[in-house]
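Input: a single structure, listed below in structure tokens.
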Amino acid sequence: MLYILKSAAINGVSTINAFVEVDISERGMPYFDIIGLGNKSIEESKLRIKTAVQNSGFVFPNKKITVNLAPADIPKQGSFYDFPIAMGILTYINNLKIPDSVYFFGELSLNGDLKYTKSAFIFALHAHASGNKFIFLPESCAREAAFFPDISVVPVKNLVQAVDYFKSGLSMELKNANPKLDPEPDFDLEFTESSFIDVYGQVQAKRALEISAAGGHNLILLGAPGVGKTMLANKYKYLLPFLNREDHIEVLKIHSVSNMVSDEQLIYKIPPFRSPHHSISYAGMIGGGANPAPGEISLAHNGVLFLDEFPEFSRVVVEMLREPLESGYIRIIRNRNSYTFPARFTLIASCNPCPCGYYGSRNKKCTCTPRQIMNYWKKISGPILDRIDLQVRMEAVNPEDIKNSCINNLSANCTADVLAGATGENRRSASLESIKLRVKNARGIQQSGRGKLNCFLDNTLVEKYCKTGVEGRRVLDEAFIKLGMSVRSYFKILKISRTIADLDNSSDIKTDHILEALQYRINA
Amino acid sequence: MFDVNRLEVSDILFPQSLKAISDCPQFLYYCGDITEESFEKCVAVVGTRRMTMYGRRVTQKIVQELVCSGITVVSGFMYGIDMTAHETAVNCEGKTIAILPCGINDSLVENNADLAERILRKGGLLISEFEPDFPAKIWTFHKRNRIIAALGSGVVITEATLDSGSLITANFAKKYNKCILSVPGSVFSECSMGCLQLLRDGARAVGSGYDICKELGFETAKDMYVFKDSVRLKAEDHLWIKDSIEYRIYQLINDSDKSISELSEDLDLSVEVVSSKVTLMLLAGTICEENGKFYV
């Protein structure tokens with residue numbers, strides 16, 4: 001008897017149609033084997049399936065059982081084939097009738113229970129795209145799969161329950177089995193609480209974050225230890241607008257193949273924020289391994305990659321970022337296949353001015369020799385620094401200042417404002433809501449007018465969209481000579497000016513916009 | 001590779017001030033054009049390698065004022081205060097003499113060949129008592145300090161820790177009966193402790209090039225000059241304050257160095273406004289920037 005069940009093979013972050021063919025032959029020696037380029041976990045699934053079926057109270061057929069995972073020339077991995085293979089065998093045992101539009105997904109435990117299996121989201125996406133109706137999967141995966149309302153998700157505890165579904169002919173009522181997700185909580189409230197309040201001062205860096213969020217520009221924060229670089233960078237994700245559905249699916253897809261997708265990720269459309277430690281290997285950063293999995297740059301797709309202590313990252317890892325920073329994707333070529341992972345992210349880097357951290361600091365002596373400083377900066381190569389549009393230095397805030405301003409403003413509300421570095425003029429523009437609004441508007445202008453964010457404008461597009469007035473051109477030319485700018489930084493300034501103008505809701509780049517843009521560069 | 005010449009102690013051009021000391025070297029290696037005036041009106045400006053921004057600013061100010069008064073600045077060609085002194089002198093189109101702790105063709109000079117060439121181009125000198133390929137050793141620094149002390153009419157120490165090599169130079173200066181001039185700094189700053197020690201021991205306190213000229217009996221220049229893009233401007237002429245915001249920014253920066261964030265908070269103006277004003281002032285040359293902070 002031959003049973004064919006629909007399934008999918010996951011190849012990088014894309015899926016293709018696959019079939020689980022289970023043949024149980026009455027003739028020949030008893031035997032059970034799985035073919036079709038499965039990896040080690042699929043090889044081992046034979047024992048899991050056999051034991052799970054027996055422990056669920058069924059008699060495992062003493063026949064010649066051949067399982068083929070078609071198409072046979074594509075390598076397959078993952079433990080989610082356990083369930084469909086077992087269902088193929090159980091169909092034979094219980095003489096079930098399984099409709100064509102049903103997918104099975106999940107890993108088996110030896111007692112016949114179904115366990116959480118990663119990639120449920122991308123699997124559901126495959127089912128959604130290929131127009132299939134039902135997915136049977138472990139209860140713990142149900143929320144991920146239920147993201148798509150047009151497919152019916154059936155959470156299953158164990159094999160016995162799954163068999164019962166088809167025995168009792170319930171298959172037509174499956175539609176109602178969709179688990180409900182909790183209603184969306186009021187998220188804006190939470191954002192306000194975690195606003196910029198706990199970072200004192202540093203208004204220029206905050207403004208740079210705003211510009212970066214608006215135009216997708218990469219940003220480097222430079223400053224002595226403890227000035228608040230990491231703290232600010234961590235706030236960055238709250239400035240970004242929520243993802244649209246298309247981008248959200250893209251993000252979930254990548255995250256689902258590499259680890260568990262949390263409920264927060266499913267419900268809230270917050271752009272991802274990744275901050276890998278500097279000990280990361282190159283495969284961890286760009287993706288790789290024998291069966292390539294997405295790396296941090298892909299997990300940060302449509303979001304932020306924050307590299308704290310940038311020069312501490314190994315040089316190989318940092319140089320790998322060049323290509324994806326430009327193209328927005330990474331192609332990993334391994335012996336069997338080539339994989340393309342999306343990797344369009346905003347890079348936020350932070351670093352100290354020198355190894356000891358206090359070069360140029362007011363209060364502390366730098367103990368580095370010029371050679372040490374040179375070597376430190378050598379780690380950040382020119383080509384990488386060239387791709388970072390915004391560069392900001394942060395100066396330590398005098399602790400006395402914080403104390404004094406707190407004492408002067410005894411009321412609690414006032415203190416919070418002072419801590420946010422927002423008084424008078426600054427308070428109006430520094431509130432998180434107003435920044436978010438401006439960022440959203442600026443992004444809207446870019447998407448509708450140019451079809452892409454300003455950071456992705458190439459030189460021809462810069463010339464097309466970043467026209468300056470006569471006075472602006474004169475200032476720019478003067479700065480080019482006096483501040484010793486390179487041609488590339490000339491275009492960078494134009495792009496940043498464009499974003500500042502967009503934030504200002506201005507169709508022309510005014511001289512003031514250029515003058516401000518000129519402040520976001522470091523004379524190295 | 002530099003064109004190295006040798007100067008015997010018996011030579012007429014050999015610096016008289018150096019001949020006067022008991023442990024005078026028997027010959028000098030040098031690079032550049034030595035004339036009879038080369039060693040007239042020399043002042044040594046030295047200090048720590050681990051300078052703070054304060055030390056850097058003081059050195060820049062003092063050297064600029066000295067150069068405007070036509071004085072040749074002598075220093076030790078080491079990074080930190082020494083290098084700043086040479087650089088500022090060259091930027092102000094002034095003469096400066098670098099006394100090397102190694103041979104003239106050693107890697108130490110090669111690594112900073114750009115500065116060395118600029119020193120020579122502005123009529124300055126590179127001088128060493130060691131053979132051209134002699135590498136720098138700990139004791140060579142000590143030895144060259146005596147030449148620095150001997151060549152200057154006085155020794156100015158702009159910033160020094162208690163263990164700084166510039167105190168050795170000061171000791172030599174004392175031995176040779178030269179005037180020791182020290183710039184006071186914050187008593188909280190480790191880098192000013194050496195200067196404080198010198199002041200306690202009777203060094204003269206100075207705060208500007210005029211003070212130094214007065215102490216040493218040199219004439220001071222009537223006009224102060226600044227150099228922007230190698231163009232000589234009168235100091236007052238480059239202050240173009242256009243409006244009240246610029247004026248307020250100027251006042252704040254004049255008080256102490258400030259970053260954009262600090263200016264924005266102190267003035268209660270948005271970063272956008274402050275940034276564009278500061279850029280304008282920067283382009284006009286009213287203020288200058290270093291490490292993200294702005295100075296007058």
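Chain lettering (A, B, ...) mirrors the order of the structure tokens, residue numbering begins at 1 for each chain separately, and ligand numbering begins at 1 in order of display.
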With only C-alpha atoms counted and 6 Å as the cut-off, give the residues of chain A in contact with chain B, each with its shortest interatomic distance in Å and the pair that gives it, as a Markdown table.
```
| residue | atom | partner | partner_atom | distance |
| --- | --- | --- | --- | --- |
| A:Gln202 | CA | B:Ser261 | CA | 5.4 |
| A:Val203 | CA | B:Ser261 | CA | 5.1 |
| A:Gln204 | CA | B:Ser261 | CA | 5.0 |
| A:Gly360 | CA | B:Asn291 | CA | 5.9 |
| A:Lys365 | CA | B:Thr52 | CA | 6.0 |
| A:Arg393 | CA | B:Gly292 | CA | 5.7 |
| A:Glu425 | CA | B:Leu269 | CA | 5.9 |
| A:Asn426 | CA | B:Ser270 | CA | 5.5 |
| A:Asp512 | CA | B:Ser276 | CA | 5.7 |
| A:Leu515 | CA | B:Ser276 | CA | 4.4 |
| A:Glu516 | CA | B:Ser276 | CA | 4.4 |
```
Restricted to N, CA and C atoms, what would the selected residues look like written as an mmCIF file, in the first residue's frame?
```
data_model
loop_
_atom_site.group_PDB
_atom_site.id
_atom_site.type_symbol
_atom_site.label_atom_id
_atom_site.label_comp_id
_atom_site.auth_asym_id
_atom_site.auth_seq_id
_atom_site.Cartn_x
_atom_site.Cartn_y
_atom_site.Cartn_z
ATOM 1 N N GLN A 202 22.777 64.417 25.817
ATOM 2 C CA GLN A 202 23.135 63.770 24.553
ATOM 3 C C GLN A 202 22.130 64.069 23.456
ATOM 4 N N VAL A 203 21.699 65.317 23.373
ATOM 5 C CA VAL A 203 20.648 65.644 22.411
ATOM 6 C C VAL A 203 21.106 65.457 20.974
ATOM 7 N N GLN A 204 22.398 65.670 20.732
ATOM 8 C CA GLN A 204 22.862 65.501 19.346
ATOM 9 C C GLN A 204 22.770 64.039 18.926
ATOM 10 N N GLY A 360 40.787 62.273 24.107
ATOM 11 C CA GLY A 360 39.973 63.457 23.844
ATOM 12 C C GLY A 360 38.993 63.762 24.958
ATOM 13 N N LYS A 365 42.682 61.022 31.749
ATOM 14 C CA LYS A 365 43.886 60.975 30.935
ATOM 15 C C LYS A 365 43.843 59.737 30.056
ATOM 16 N N ARG A 393 30.035 61.920 17.864
ATOM 17 C CA ARG A 393 30.829 61.789 19.069
ATOM 18 C C ARG A 393 29.965 62.138 20.269
ATOM 19 N N GLU A 425 12.360 74.588 24.422
ATOM 20 C CA GLU A 425 12.402 74.260 22.993
ATOM 21 C C GLU A 425 12.674 72.774 22.763
ATOM 22 N N ASN A 426 13.619 72.256 23.550
ATOM 23 C CA ASN A 426 14.005 70.870 23.348
ATOM 24 C C ASN A 426 12.914 69.895 23.745
ATOM 25 N N ASP A 512 20.156 75.347 5.678
ATOM 26 C CA ASP A 512 20.233 74.908 7.073
ATOM 27 C C ASP A 512 20.332 73.387 7.186
ATOM 28 N N LEU A 515 23.843 72.493 6.457
ATOM 29 C CA LEU A 515 24.713 72.904 7.566
ATOM 30 C C LEU A 515 24.596 71.933 8.734
ATOM 31 N N GLU A 516 23.368 71.475 8.994
ATOM 32 C CA GLU A 516 23.214 70.521 10.092
ATOM 33 C C GLU A 516 23.858 69.179 9.735
#
```
* To do: Tell me, as an MDAnalysis selection string, which residues lie within 10 Å of Gly469 of chain A, counting only C-alpha atoms; anything in the same chain fewer than 2 positions away does not count.
  => chainID A and resid 466:467 471:475 508:511
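The interatomic distance for the pair atom CA of Ile34 of chain A and atom CA of Lys63 of chain A works out to 14.1 Å.
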* Any idea what's packed within 6 Å of segment 433-444 of chain A, counting only C-alpha atoms, ignoring anything in its chain fewer than 3 positions away? Could you give it as a VMD selection string? -> chain A and resid 214 239 241 447 502 to 503
* **Ala146 of chain A environment, 12 Å, only C-alpha atoms, sequence neighbours closer than 3 positions dropped, as an MDAnalysis selection string** => chainID A and resid 120:125 127:128 133:137 139:143 149:155 175 177:182 263 266:267
* Asked: Hey, what's within 10 Å of Asp386 of chain A if we count only C-alpha atoms and toss same-chain stuff fewer than 6 positions away? As a ChimeraX atom specification, please?
  -> /A:322,486,488-489,492
Output C-alpha atoms for every residue in that selection, as a short mmCIF file (atom, residue, chain, number, x, y, z; two decimals), in the first residue's frame.
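Final output, saved to again-v2.cif:
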```cif
data_model
loop_
_atom_site.label_atom_id
_atom_site.label_comp_id
_atom_site.auth_asym_id
_atom_site.auth_seq_id
_atom_site.Cartn_x
_atom_site.Cartn_y
_atom_site.Cartn_z
CA ARG A 322 30.40 45.26 3.19
CA SER A 486 36.07 63.00 0.17
CA ARG A 488 31.92 59.87 -1.10
CA SER A 489 31.32 61.90 2.04
CA LYS A 492 26.72 61.18 2.15
#
```
Write down as a CSV table (one decimal) with all heavy atoms, in the first residue's frame the residues of segment 86-269 of chain A whose backbone DSSP state falls under strand (DSSP E).
```
chain,number,residue,atom,x,y,z
A,102,VAL,N,-4.5,18.2,3.6
A,102,VAL,CA,-4.0,18.2,5.0
A,102,VAL,C,-2.5,18.1,5.0
A,102,VAL,O,-1.9,17.3,4.3
A,102,VAL,CB,-4.6,17.1,5.8
A,102,VAL,CG1,-4.0,16.9,7.1
A,102,VAL,CG2,-6.1,17.3,6.0
A,103,TYR,N,-1.9,18.9,5.9
A,103,TYR,CA,-0.4,18.9,6.2
A,103,TYR,C,-0.2,18.3,7.6
A,103,TYR,O,-1.0,18.7,8.5
A,103,TYR,CB,0.2,20.2,6.1
A,103,TYR,CG,0.6,20.7,4.7
A,103,TYR,CD1,-0.1,21.8,4.1
A,103,TYR,CD2,1.6,20.1,4.0
A,103,TYR,CE1,0.3,22.2,2.9
A,103,TYR,CE2,2.0,20.6,2.8
A,103,TYR,CZ,1.4,21.6,2.2
A,103,TYR,OH,1.7,22.1,1.0
A,104,PHE,N,0.8,17.6,7.7
A,104,PHE,CA,1.2,17.2,9.1
A,104,PHE,C,2.6,17.8,9.4
A,104,PHE,O,3.5,17.8,8.5
A,104,PHE,CB,1.2,15.7,9.3
A,104,PHE,CG,-0.1,15.1,9.1
A,104,PHE,CD1,-0.5,14.5,7.9
A,104,PHE,CD2,-1.0,15.1,10.2
A,104,PHE,CE1,-1.8,13.9,7.8
A,104,PHE,CE2,-2.3,14.5,10.1
A,104,PHE,CZ,-2.6,13.9,8.9
A,107,GLU,N,7.5,17.1,15.5
A,107,GLU,CA,8.4,16.1,16.0
A,107,GLU,C,7.8,15.2,17.0
A,107,GLU,O,7.0,15.7,17.8
A,107,GLU,CB,9.7,16.8,16.6
A,107,GLU,CG,10.7,15.8,17.1
A,107,GLU,CD,11.8,16.6,17.8
A,107,GLU,OE1,12.2,17.7,17.3
A,107,GLU,OE2,12.3,16.1,18.8
A,108,LEU,N,8.1,13.9,17.0
A,108,LEU,CA,7.5,13.0,17.9
A,108,LEU,C,8.4,12.8,19.2
A,108,LEU,O,9.6,12.7,19.1
A,108,LEU,CB,7.2,11.6,17.3
A,108,LEU,CG,6.1,11.6,16.3
A,108,LEU,CD1,6.1,10.3,15.6
A,108,LEU,CD2,4.8,11.8,17.0
A,114,LEU,N,3.4,15.1,20.6
A,114,LEU,CA,4.1,16.0,19.7
A,114,LEU,C,4.8,17.1,20.4
A,114,LEU,O,4.2,17.7,21.3
A,114,LEU,CB,3.0,16.5,18.7
A,114,LEU,CG,2.6,15.5,17.6
A,114,LEU,CD1,1.2,15.8,17.1
A,114,LEU,CD2,3.6,15.3,16.6
A,115,LYS,N,6.0,17.4,20.0
A,115,LYS,CA,6.8,18.4,20.7
A,115,LYS,C,6.9,19.7,19.8
A,115,LYS,O,6.8,19.6,18.6
A,115,LYS,CB,8.2,17.9,21.0
A,115,LYS,CG,8.1,16.8,22.0
A,115,LYS,CD,9.5,16.6,22.6
A,115,LYS,CE,10.4,16.0,21.5
A,115,LYS,NZ,11.7,15.5,22.1
A,134,PHE,N,-5.5,22.6,5.7
A,134,PHE,CA,-5.4,22.2,7.1
A,134,PHE,C,-3.9,21.9,7.5
A,134,PHE,O,-3.2,21.3,6.7
A,134,PHE,CB,-6.2,20.9,7.4
A,134,PHE,CG,-7.6,21.1,7.1
A,134,PHE,CD1,-8.2,20.6,5.9
A,134,PHE,CD2,-8.4,21.8,8.0
A,134,PHE,CE1,-9.5,20.8,5.7
A,134,PHE,CE2,-9.8,22.0,7.7
A,134,PHE,CZ,-10.3,21.5,6.6
A,135,ILE,N,-3.5,22.3,8.7
A,135,ILE,CA,-2.2,21.9,9.2
A,135,ILE,C,-2.5,21.2,10.6
A,135,ILE,O,-3.0,21.8,11.4
A,135,ILE,CB,-1.2,23.0,9.4
A,135,ILE,CG1,-1.0,23.7,8.1
A,135,ILE,CG2,0.1,22.5,9.9
A,135,ILE,CD1,0.1,24.8,8.2
A,136,PHE,N,-2.0,20.0,10.7
A,136,PHE,CA,-2.0,19.4,12.0
A,136,PHE,C,-0.6,19.5,12.6
A,136,PHE,O,0.4,19.2,11.9
A,136,PHE,CB,-2.3,17.9,11.9
A,136,PHE,CG,-3.8,17.6,11.7
A,136,PHE,CD1,-4.4,18.0,10.5
A,136,PHE,CD2,-4.5,16.8,12.6
A,136,PHE,CE1,-5.8,17.7,10.4
A,136,PHE,CE2,-5.8,16.6,12.5
A,136,PHE,CZ,-6.5,17.0,11.3
A,137,LEU,N,-0.6,20.1,13.7
A,137,LEU,CA,0.8,20.3,14.3
A,137,LEU,C,0.7,20.3,15.8
A,137,LEU,O,-0.3,20.4,16.4
A,137,LEU,CB,1.4,21.6,13.8
A,137,LEU,CG,0.6,22.9,13.6
A,137,LEU,CD1,-0.1,23.3,14.8
A,137,LEU,CD2,1.5,24.0,13.0
A,138,PRO,N,1.9,20.3,16.5
A,138,PRO,CA,1.9,20.3,18.0
A,138,PRO,C,1.2,21.5,18.5
A,138,PRO,O,1.3,22.6,17.9
A,138,PRO,CB,3.4,20.3,18.3
A,138,PRO,CG,4.1,19.9,17.1
A,138,PRO,CD,3.3,20.3,15.9
A,152,SER,N,-6.6,26.4,8.3
A,152,SER,CA,-7.1,25.9,9.6
A,152,SER,C,-6.0,25.2,10.3
A,152,SER,O,-5.4,24.3,9.7
A,152,SER,CB,-8.3,25.0,9.3
A,152,SER,OG,-9.3,25.8,8.9
A,153,VAL,N,-5.7,25.6,11.5
A,153,VAL,CA,-4.6,25.0,12.2
A,153,VAL,C,-5.2,24.1,13.3
A,153,VAL,O,-6.1,24.5,14.0
A,153,VAL,CB,-3.8,26.1,12.9
A,153,VAL,CG1,-2.8,25.5,13.9
A,153,VAL,CG2,-3.2,27.0,11.9
A,154,VAL,N,-4.8,22.8,13.3
A,154,VAL,CA,-5.3,21.9,14.2
A,154,VAL,C,-4.2,21.5,15.2
A,154,VAL,O,-3.3,20.7,14.9
A,154,VAL,CB,-5.9,20.6,13.5
A,154,VAL,CG1,-6.6,19.7,14.5
A,154,VAL,CG2,-6.8,21.0,12.4
A,155,PRO,N,-4.3,22.0,16.4
A,155,PRO,CA,-3.3,21.6,17.4
A,155,PRO,C,-3.6,20.2,17.9
A,155,PRO,O,-4.7,19.9,18.2
A,155,PRO,CB,-3.5,22.6,18.5
A,155,PRO,CG,-4.7,23.4,18.3
A,155,PRO,CD,-5.3,23.0,17.0
A,156,VAL,N,-2.5,19.4,17.9
A,156,VAL,CA,-2.7,18.0,18.3
A,156,VAL,C,-1.8,17.7,19.4
A,156,VAL,O,-0.6,18.1,19.4
A,156,VAL,CB,-2.3,17.1,17.1
A,156,VAL,CG1,-2.6,15.6,17.4
A,156,VAL,CG2,-3.1,17.5,15.9
A,219,LEU,N,24.8,54.2,11.4
A,219,LEU,CA,25.2,55.2,12.4
A,219,LEU,C,26.3,54.7,13.3
A,219,LEU,O,26.3,53.5,13.6
A,219,LEU,CB,24.0,55.6,13.3
A,219,LEU,CG,24.2,56.4,14.6
A,219,LEU,CD1,24.6,57.8,14.3
A,219,LEU,CD2,22.9,56.4,15.4
A,220,ILE,N,27.3,55.5,13.5
A,220,ILE,CA,28.3,55.1,14.5
A,220,ILE,C,28.4,56.1,15.6
A,220,ILE,O,28.4,57.3,15.4
A,220,ILE,CB,29.7,54.8,13.9
A,220,ILE,CG1,30.7,54.2,14.9
A,220,ILE,CG2,30.3,56.1,13.3
A,220,ILE,CD1,31.9,53.7,14.2
A,221,LEU,N,28.3,55.6,16.9
A,221,LEU,CA,28.4,56.4,18.1
A,221,LEU,C,29.8,56.2,18.7
A,221,LEU,O,30.2,55.1,18.9
A,221,LEU,CB,27.4,56.0,19.1
A,221,LEU,CG,25.9,56.2,18.7
A,221,LEU,CD1,25.0,55.5,19.7
A,221,LEU,CD2,25.5,57.6,18.5
A,222,LEU,N,30.5,57.3,18.9
A,222,LEU,CA,31.8,57.3,19.4
A,222,LEU,C,31.9,58.0,20.7
A,222,LEU,O,31.4,59.2,20.8
A,222,LEU,CB,32.7,58.0,18.3
A,222,LEU,CG,34.2,57.9,18.6
A,222,LEU,CD1,34.7,56.6,18.0
A,222,LEU,CD2,34.9,59.1,17.8
A,223,GLY,N,32.4,57.4,21.7
A,223,GLY,CA,32.5,58.1,23.0
A,223,GLY,C,33.2,57.3,24.1
A,223,GLY,O,33.3,56.1,23.9
```
* To do: Write out as a list in words each polymer residue whose atoms come within 8 Å of Cys195 of chain B, counting only C-alpha atoms; drop sequence neighbours fewer than 4 positions from it.
  => Ile157, Thr158, Glu159, Ala160, Thr161, Ser182, Val183, Pro184, Gly185 and Leu199 of chain B
* Write out as an NGL selection string each polymer residue whose atoms come within 12 Å of Asp11 of chain B, counting only C-alpha atoms; drop sequence neighbours fewer than 3 positions from it. => :B and (6-8 or 14-16 or 19 or 26-28 or 34-36)
Give me a file of those residues, with N, CA and C atoms, as a PDB file, in the first residue's frame.
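Below is the file that was written, selection03.pdb:
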```pdb
ATOM      1  N   ARG B   6      76.930  66.714   9.216  1.00  0.00           N
ATOM      2  CA  ARG B   6      77.584  66.598  10.514  1.00  0.00           C
ATOM      3  C   ARG B   6      78.213  67.933  10.876  1.00  0.00           C
ATOM      4  N   LEU B   7      78.068  68.295  12.119  1.00  0.00           N
ATOM      5  CA  LEU B   7      78.572  69.589  12.568  1.00  0.00           C
ATOM      6  C   LEU B   7      79.529  69.340  13.738  1.00  0.00           C
ATOM      7  N   GLU B   8      80.813  69.777  13.566  1.00  0.00           N
ATOM      8  CA  GLU B   8      81.806  69.592  14.632  1.00  0.00           C
ATOM      9  C   GLU B   8      81.655  70.694  15.671  1.00  0.00           C
ATOM     10  N   PHE B  14      78.269  75.909  15.108  1.00  0.00           N
ATOM     11  CA  PHE B  14      77.844  75.090  16.250  1.00  0.00           C
ATOM     12  C   PHE B  14      77.209  75.995  17.314  1.00  0.00           C
ATOM     13  N   PRO B  15      76.009  75.659  17.798  1.00  0.00           N
ATOM     14  CA  PRO B  15      75.297  76.570  18.708  1.00  0.00           C
ATOM     15  C   PRO B  15      76.111  76.934  19.949  1.00  0.00           C
ATOM     16  N   GLN B  16      76.243  78.222  20.178  1.00  0.00           N
ATOM     17  CA  GLN B  16      77.029  78.714  21.303  1.00  0.00           C
ATOM     18  C   GLN B  16      76.437  78.238  22.629  1.00  0.00           C
ATOM     19  N   LYS B  19      77.639  74.901  23.444  1.00  0.00           N
ATOM     20  CA  LYS B  19      79.065  74.864  23.804  1.00  0.00           C
ATOM     21  C   LYS B  19      79.261  75.200  25.285  1.00  0.00           C
ATOM     22  N   GLN B  26      80.334  66.297  21.111  1.00  0.00           N
ATOM     23  CA  GLN B  26      81.477  66.704  20.284  1.00  0.00           C
ATOM     24  C   GLN B  26      81.053  67.018  18.857  1.00  0.00           C
ATOM     25  N   PHE B  27      79.963  66.440  18.415  1.00  0.00           N
ATOM     26  CA  PHE B  27      79.421  66.805  17.091  1.00  0.00           C
ATOM     27  C   PHE B  27      77.924  66.555  17.065  1.00  0.00           C
ATOM     28  N   LEU B  28      77.262  67.184  16.122  1.00  0.00           N
ATOM     29  CA  LEU B  28      75.818  67.024  15.971  1.00  0.00           C
ATOM     30  C   LEU B  28      75.529  66.574  14.545  1.00  0.00           C
ATOM     31  N   ILE B  34      71.393  75.309   8.545  1.00  0.00           N
ATOM     32  CA  ILE B  34      71.831  76.023   9.754  1.00  0.00           C
ATOM     33  C   ILE B  34      72.440  77.356   9.336  1.00  0.00           C
ATOM     34  N   THR B  35      71.982  78.429   9.948  1.00  0.00           N
ATOM     35  CA  THR B  35      72.599  79.737   9.727  1.00  0.00           C
ATOM     36  C   THR B  35      73.050  80.267  11.077  1.00  0.00           C
ATOM     37  N   GLU B  36      73.607  81.437  11.055  1.00  0.00           N
ATOM     38  CA  GLU B  36      74.080  81.994  12.319  1.00  0.00           C
ATOM     39  C   GLU B  36      72.922  82.357  13.239  1.00  0.00           C
TER      40      GLU B  36
END
```
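Using only C-alpha atoms, the shortest contact distance between Pro276 of chain A and any of A:Leu305, A:Ala145, A:Ala18, A:Ala129 is found at A:Leu305.
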